[in-house]
Amino acid sequence: RACARYVLRQGGVDPLPLYRALCAAPAGHPGACAGLGECGVPGDAETLWPLLEHPLPAVRLHTVAGLRALDA
């Protein structure tokens, strides 16, 4: 994820809005939940908390990682 963020930034794209959008429907990209935690702000925890009850284990796993990264 760090490499992907680097490439996006080199192309002038801020990855944070992309992570926020992907977390709206995380089933296809569960790693986005961890990515949001890695580059987000404390307020982004509000987006992640409800995903702890997502039916896919991968989404829940990456959500926990994202919340830990945000110290939430």
# chains A, B, ... in the order shown; residues from 1 in each chain; ligands from 1
$ residues_around --residues "Cys33 (chain A)" --least-positions-apart "3" --cutoff "12 Å" --atoms "only C-alpha atoms" --output "PyMOL selection string"
chain A and resi 1+16+18-30+36-40+44-52+54+58-70
$ atom_distance --atom1 "CA of Ala72 (chain A)" --atom2 "CA of Gly43 (chain A)"
9.3 Å
$ select_by_dssp --residues "chain A" --states "alpha helix (DSSP H)" --output "PyMOL selection string"
chain A and resi 2-10+15-23+31-39+45-48+57-69
$ atom_distance --atom1 "CA of Leu56 (chain A)" --atom2 "CA of Ala34 (chain A)"
14.4 Å
$ atom_distance --atom1 "CA of Pro57 (chain A)" --atom2 "CA of Ala32 (chain A)"
13.8 Å
$ decode --residues "chain A" --atoms "C-alpha atoms" --output "compact mmCIF listing (two decimals), in the first residue's frame"
# COMPACT_ATOMS: atom_id res chain seq x y z
CA ARG A 1 0.00 0.00 0.00
CA ALA A 2 2.85 2.39 0.76
CA CYS A 3 4.31 1.84 -2.71
CA ALA A 4 0.91 2.41 -4.31
CA ARG A 5 0.48 5.65 -2.36
CA TYR A 6 3.94 6.77 -3.49
CA VAL A 7 3.11 6.12 -7.15
CA LEU A 8 -0.20 7.96 -6.84
CA ARG A 9 1.46 10.95 -5.23
CA GLN A 10 4.12 11.02 -7.94
CA GLY A 11 1.25 11.29 -10.41
CA GLY A 12 -0.30 14.15 -8.47
CA VAL A 13 -3.10 12.08 -6.94
CA ASP A 14 -3.93 12.22 -3.23
CA PRO A 15 -4.66 8.64 -2.10
CA LEU A 16 -6.72 9.63 0.94
CA PRO A 17 -9.96 10.40 -0.95
CA LEU A 18 -9.53 7.13 -2.85
CA TYR A 19 -9.24 5.15 0.38
CA ARG A 20 -12.30 6.90 1.79
CA ALA A 21 -14.31 6.05 -1.33
CA LEU A 22 -13.16 2.42 -1.32
CA CYS A 23 -14.18 2.07 2.32
CA ALA A 24 -17.75 2.95 1.37
CA ALA A 25 -17.92 -0.47 -0.36
CA PRO A 26 -14.93 -2.42 0.99
CA ALA A 27 -15.85 -5.94 -0.17
CA GLY A 28 -13.80 -5.62 -3.36
CA HIS A 29 -10.84 -3.91 -1.68
CA PRO A 30 -10.65 -4.92 1.99
CA GLY A 31 -7.08 -3.60 2.26
CA ALA A 32 -8.45 -0.10 1.76
CA CYS A 33 -9.57 -0.16 5.39
CA ALA A 34 -5.97 -0.58 6.55
CA GLY A 35 -4.80 1.97 3.99
CA LEU A 36 -7.23 4.55 5.33
CA GLY A 37 -5.78 4.04 8.77
CA GLU A 38 -2.23 4.38 7.47
CA CYS A 39 -2.73 7.73 5.78
CA GLY A 40 -5.95 9.04 7.30
CA VAL A 41 -6.69 11.42 10.13
CA PRO A 42 -8.27 10.54 13.50
CA GLY A 43 -11.71 11.51 12.21
CA ASP A 44 -11.52 8.70 9.65
CA ALA A 45 -12.03 6.21 12.48
CA GLU A 46 -15.74 7.07 12.27
CA THR A 47 -15.75 5.56 8.77
CA LEU A 48 -14.02 2.41 9.98
CA TRP A 49 -15.90 1.57 13.20
CA PRO A 50 -19.07 0.28 11.45
CA LEU A 51 -16.94 -1.98 9.24
CA LEU A 52 -16.04 -4.11 12.28
CA GLU A 53 -19.40 -5.79 11.70
CA HIS A 54 -18.90 -6.38 7.96
CA PRO A 55 -19.74 -9.96 6.90
CA LEU A 56 -16.33 -10.54 5.25
CA PRO A 57 -13.53 -11.51 7.65
CA ALA A 58 -10.91 -9.79 5.46
CA VAL A 59 -12.72 -6.47 5.80
CA ARG A 60 -12.91 -6.85 9.58
CA LEU A 61 -9.23 -7.80 9.75
CA HIS A 62 -8.08 -4.76 7.76
CA THR A 63 -10.48 -2.53 9.68
CA VAL A 64 -8.83 -3.50 12.96
CA ALA A 65 -5.43 -2.72 11.42
CA GLY A 66 -6.72 0.65 10.22
CA LEU A 67 -8.15 1.54 13.61
CA ARG A 68 -4.89 0.57 15.31
CA ALA A 69 -2.95 2.78 12.91
CA LEU A 70 -5.25 5.67 13.83
CA ASP A 71 -4.90 4.90 17.56
CA ALA A 72 -8.68 4.62 17.70
